[in-house]
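J.: My questions will all concern the structure given below.
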Amino acid sequence: MSRNKVLKIGLLLVMAVIVTRLFCIQILEHEVWAEKAAAQQTRQNVLLAKRGEIYMMDGDEPVAVVMNATVYTVIVDPMLAERQEVEKKMNEVLGDERTAEWDDVFADKTLRYYVVAKNVGRKKAEAIAEADLTGVWLQANTERVYPEGTLGSTLLGFVNAEAKGQYGVEGSLNEELSGKDGLLRTVKDINNVALSIGKDQVKIPAEDGKNVVLTVDKTLQHNIERILEEDTGKIGFKNMSAVVMDPNSGKVLAMANVPGYDPANYGNVGSAADYVNHVLEDPYEPASVCKTFTFATGLEFGVMTPEKTFTNTGEITVDNWPIRNVEQGAHLLGAQTMQTALNYSLNTGSTQVLRWLGGSETDITQTGRERLYEYYHDRFGLGELTGIELYEAEGVVYGPNADIFGIDSTYANMTFGQNMQVTMMQVAAAFSSVVNGGKYYTPWIVAGEMKNGEFIESEEKREPVRQTISQETSATMREMLYNTRRTWRTNGTDKPGYYVGGKTGTAQVIKNGEYSMDETVATYIGAGGTEGELPSYVIMVRVWEDGKTARGEGHALPVFNDLKAYVQDYLRVKAKE
């Protein structure tokens, strides 16, 4: 075969290969190559939604307590950028804020997008922009700013490095605050400049997040936290929590936990437990404050009155479990009224109410358990989510037929707030219904939103969701709580013309599966207002520290007194003339 013939055959084969490949590319693989071309010719940017800000009330005006500051992400296109020039200027401007190694940035020029720094401030961003470096651009983002420092930290929560809300309002309402990102897709030229005209241009605007306004009063919140911090030093306990509510609507006026933390520097904490809002997220055994609900139940069923007597022996046994009174004075033995039982927090007295609920003088019955559960769980909402807009825990209140050892002793203990787990918010909401005429309101903390600089109040009607007890029982319980408060050391803090009642609680803590003798949690809850009127406020306090014994009357009551004095003045509650 001649050389020319070989060349012709070879040329034909090469042409056949080329034609075949062109057929594959243009016909068989058209969509694949079209997508690759579009990817090279198209610039796509996410239009970031602005995260909503958070407000507290300052009188009748909302004021921002969580805001946004503009920060920038520095991005390099390694295909277009001139390494030596970019590296020199970026090192000069960014310093330690640079997060990428230059060898990694320029290792693969097909990436076209490499983040070299995040959260860069305005001044450094301006310096980078003025340098006018090819292949370098800035993407504006927002950074969370907390101008009030630690104020309400466990209530507000924080935003993490991935721009996601964690804990508190930031976490609970993350979806509403985040909004929805948009999209901008444009055809670009060889210099990566977007062309404004083209059928392939797509623009989906970002939907900014909602600016949430809380019911919390900023000044009240600040001073509640200040008083708690001062009292941790005076009383000698590390942890304190408090909530202030309007009992006639369920509106939360303040919610505080000490110690707090700095949301802008949220990593500087001892453990994740420091982020917990103990008012909502930390069920515990509140102890004898629950006698309020036991006695109210007894009154509702007509099995007791404040004057009715029982025989106090100082200690009884249920299911081989001893139930003792802390107060063991001789003057409390023998026939005692139920008012005295509440005054001195006699566990034998609350257990007697449970017996009476079941129609017996000496035994705890199925009927008694069912009646107590109906009021504790179904009416007062103990062991149930309250429905507040934030994260909250459910807790545990055992049913009357729970398959547990010693159901009668469990219920006897429940009459004084042990062998059950509830949150402070559940107790405060239930207590509010006891003193406000029997109306249970769902607690609420979101007042509305800020829109275009205008406060838009929530349209949701704050109506009572159920009647827990009768108005008559409520009036009797207010009087009993008033008399109980007078029994303990109020030190003249309740001035004439005001009407304040409340109840202590001292709870043992379970350690290693059994109740500890060297650690307790102290609680006090009370309501107050003008004498002769329904209470204007409910305040609940919790005091505790690992390995220490706190007492309701010795530690929680003094804190309540300090808070009550301030709250009463701040809310301008008037004394009866």
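Here, A, B, ... name the chains of the structure tokens in the order displayed, residue numbers run from 1 inside each chain, and ligands are numbered from 1 in the same displayed order.
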So that I can check the surroundings of Asn223 in chain A, please list as a list of chain:residue names every protein, DNA and RNA residue that reaches within 9 Å of it, counting only C-alpha atoms and ignoring chain neighbours fewer than 4 positions away.

T.: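 Contacts, with the query itself left out: A:Lys218, A:Thr219, A:Ile227, A:Leu228, A:Leu563, A:Tyr566.
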
J.: Could you save those same residues with C-alpha atoms as an mmCIF file, in the first residue's frame?

T.:
```
data_model
loop_
_atom_site.group_PDB
_atom_site.id
_atom_site.type_symbol
_atom_site.label_atom_id
_atom_site.label_comp_id
_atom_site.auth_asym_id
_atom_site.auth_seq_id
_atom_site.Cartn_x
_atom_site.Cartn_y
_atom_site.Cartn_z
ATOM 1 C CA LYS A 218 -35.963 46.667 79.840
ATOM 2 C CA THR A 219 -35.619 48.765 82.981
ATOM 3 C CA ILE A 227 -31.003 42.741 92.670
ATOM 4 C CA LEU A 228 -30.371 39.032 92.051
ATOM 5 C CA LEU A 563 -37.722 42.197 94.302
ATOM 6 C CA TYR A 566 -38.745 47.379 93.658
#
```

J.: Could you give me, as a Markdown table, a per-residue list for range 67-143 of chain A showing, wherever an atom lies at most 12 Å from an atom of range 160-176 of chain A, the closest pair of atoms and their distance in Å to one decimal, using only C-alpha atoms and sorting by chain then residue number from low to high?

T.:
```
| residue | atom | partner | partner_atom | distance |
| --- | --- | --- | --- | --- |
| A:Met67 | CA | A:Glu170 | CA | 11.8 |
| A:Asn68 | CA | A:Ala163 | CA | 11.8 |
| A:Lys118 | CA | A:Ala161 | CA | 10.0 |
| A:Asn119 | CA | A:Ala161 | CA | 9.8 |
| A:Asn141 | CA | A:Ala163 | CA | 10.0 |
| A:Thr142 | CA | A:Ala163 | CA | 9.0 |
| A:Glu143 | CA | A:Ala163 | CA | 8.4 |
```

J.: Using only C-alpha atoms, determine which residues lie at most 8 Å from Ile469 in chain A, disregarding the query and same-chain residues fewer than 2 positions distant; provide the list as a PyMOL selection string.

T.: chain A and resi 296-297+300+433-434+437-439+467+471+473-474

J.: Which of these, A:Ala287, A:Val120, A:Ile235, A:Ala522, has the shortest distance to Gln418 in chain A once you count only C-alpha atoms?

T.: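 Closest candidate: A:Ala287.
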
J.: Among range 377-576 of chain A, which residues does DSSP mark as strand (DSSP E) when it is run on the backbone? Keep the chain and numbering as in the structure and answer as a PyMOL selection string.

T.: chain A and resi 439-440+446-451+454-457+466-467+498-511+514-530+537-544

J.: Just want the 7 Å neighbourhood of Trp544 in chain A, counted on only C-alpha atoms, with same-chain residues fewer than 3 positions away dropped. Output as a list in words.

T.: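 The residues that qualify are Phe237, Lys238, Asn239, Met240, Val521, Ala522 and Ala550 of chain A.
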
J.: At what distance in Å, to one decimal, does CA of Gln421 in chain A lie from CA of Leu557 in chain A?

T.: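 Distance between the two atoms: 21.5 Å.
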
J.: So the first atom is CA of Pro286 in chain A and the second is CA of Asn512 in chain A; what is the distance between them in Å, to one decimal place?

T.: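 Taking CA of Pro286 in chain A as the start and CA of Asn512 in chain A as the end point, the length is 19.2 Å.
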
J.: Excluding Val276 in chain A and residues on its chain fewer than 6 positions from it, collect all residues at most 9 Å away from it, counting only C-alpha atoms, and give them as an mmCIF file with N, CA, C and O atoms, in the first residue's frame.

T.:
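And here's selection-v3.cif as it stands now:
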```cif
data_model
loop_
_atom_site.group_PDB
_atom_site.id
_atom_site.type_symbol
_atom_site.label_atom_id
_atom_site.label_comp_id
_atom_site.auth_asym_id
_atom_site.auth_seq_id
_atom_site.Cartn_x
_atom_site.Cartn_y
_atom_site.Cartn_z
ATOM 1 N N THR A 154 -29.746 34.850 79.144
ATOM 2 C CA THR A 154 -30.375 33.522 79.114
ATOM 3 C C THR A 154 -31.777 33.574 78.518
ATOM 4 O O THR A 154 -32.307 32.553 78.090
ATOM 5 N N LEU A 155 -32.366 34.744 78.487
ATOM 6 C CA LEU A 155 -33.658 34.927 77.830
ATOM 7 C C LEU A 155 -33.473 35.108 76.323
ATOM 8 O O LEU A 155 -34.209 34.534 75.527
ATOM 9 N N GLY A 157 -30.584 34.432 74.317
ATOM 10 C CA GLY A 157 -29.796 33.471 73.567
ATOM 11 C C GLY A 157 -28.753 34.166 72.711
ATOM 12 O O GLY A 157 -28.411 35.332 72.934
ATOM 13 N N TYR A 167 -30.600 28.810 71.732
ATOM 14 C CA TYR A 167 -31.164 29.088 73.049
ATOM 15 C C TYR A 167 -32.034 30.356 73.009
ATOM 16 O O TYR A 167 -31.970 31.158 72.080
ATOM 17 N N GLY A 168 -32.835 30.516 74.039
ATOM 18 C CA GLY A 168 -33.618 31.716 74.230
ATOM 19 C C GLY A 168 -34.446 32.136 73.022
ATOM 20 O O GLY A 168 -34.879 31.318 72.213
ATOM 21 N N ASN A 257 -32.026 35.141 85.047
ATOM 22 C CA ASN A 257 -31.207 34.079 85.636
ATOM 23 C C ASN A 257 -29.822 34.634 85.925
ATOM 24 O O ASN A 257 -29.232 35.323 85.095
ATOM 25 N N ASP A 282 -35.804 24.126 82.804
ATOM 26 C CA ASP A 282 -35.178 23.311 83.847
ATOM 27 C C ASP A 282 -36.221 22.858 84.873
ATOM 28 O O ASP A 282 -36.372 23.491 85.920
#
```

J.: If we count only C-alpha atoms and set the cut-off at 12 Å, which residues sit around Ala129 in chain A, ignoring sequence neighbours fewer than 3 positions away in its own chain? Please answer as a PyMOL selection string.

T.: chain A and resi 72+74-75+89-90+93+122-126+132-139

J.: Please dump the current selection as a short mmCIF file (atom, residue, chain, number, x, y, z; two decimals), in the first residue's frame; keep C-alpha atoms.

T.:
```
data_model
loop_
_atom_site.label_atom_id
_atom_site.label_comp_id
_atom_site.auth_asym_id
_atom_site.auth_seq_id
_atom_site.Cartn_x
_atom_site.Cartn_y
_atom_site.Cartn_z
CA TYR A 72 -17.78 41.41 55.28
CA VAL A 74 -13.41 38.50 51.70
CA ILE A 75 -13.45 36.26 48.61
CA LYS A 89 -2.13 43.52 50.30
CA MET A 90 -4.31 40.97 52.09
CA VAL A 93 -4.83 44.59 55.78
CA ARG A 122 -15.95 48.20 57.89
CA LYS A 123 -12.55 49.94 58.00
CA LYS A 124 -10.61 46.92 56.75
CA ALA A 125 -13.25 46.25 54.11
CA GLU A 126 -12.90 49.83 52.87
CA ASP A 132 -9.12 47.63 43.67
CA LEU A 133 -7.55 44.19 43.33
CA THR A 134 -8.64 42.09 40.35
CA GLY A 135 -10.28 38.84 41.43
CA VAL A 136 -11.02 40.04 44.96
CA TRP A 137 -14.47 41.04 46.15
CA LEU A 138 -16.40 41.63 49.36
CA GLN A 139 -19.71 40.10 50.39
#
```

J.: Which is closest to Gly95 in chain A among A:Gly52, A:Glu285, A:Ala565, A:Ala117, if we use only C-alpha atoms?

T.: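 Of A:Gly52, A:Glu285, A:Ala565, A:Ala117, the one nearest Gly95 in chain A is A:Ala117, counting only C-alpha atoms.
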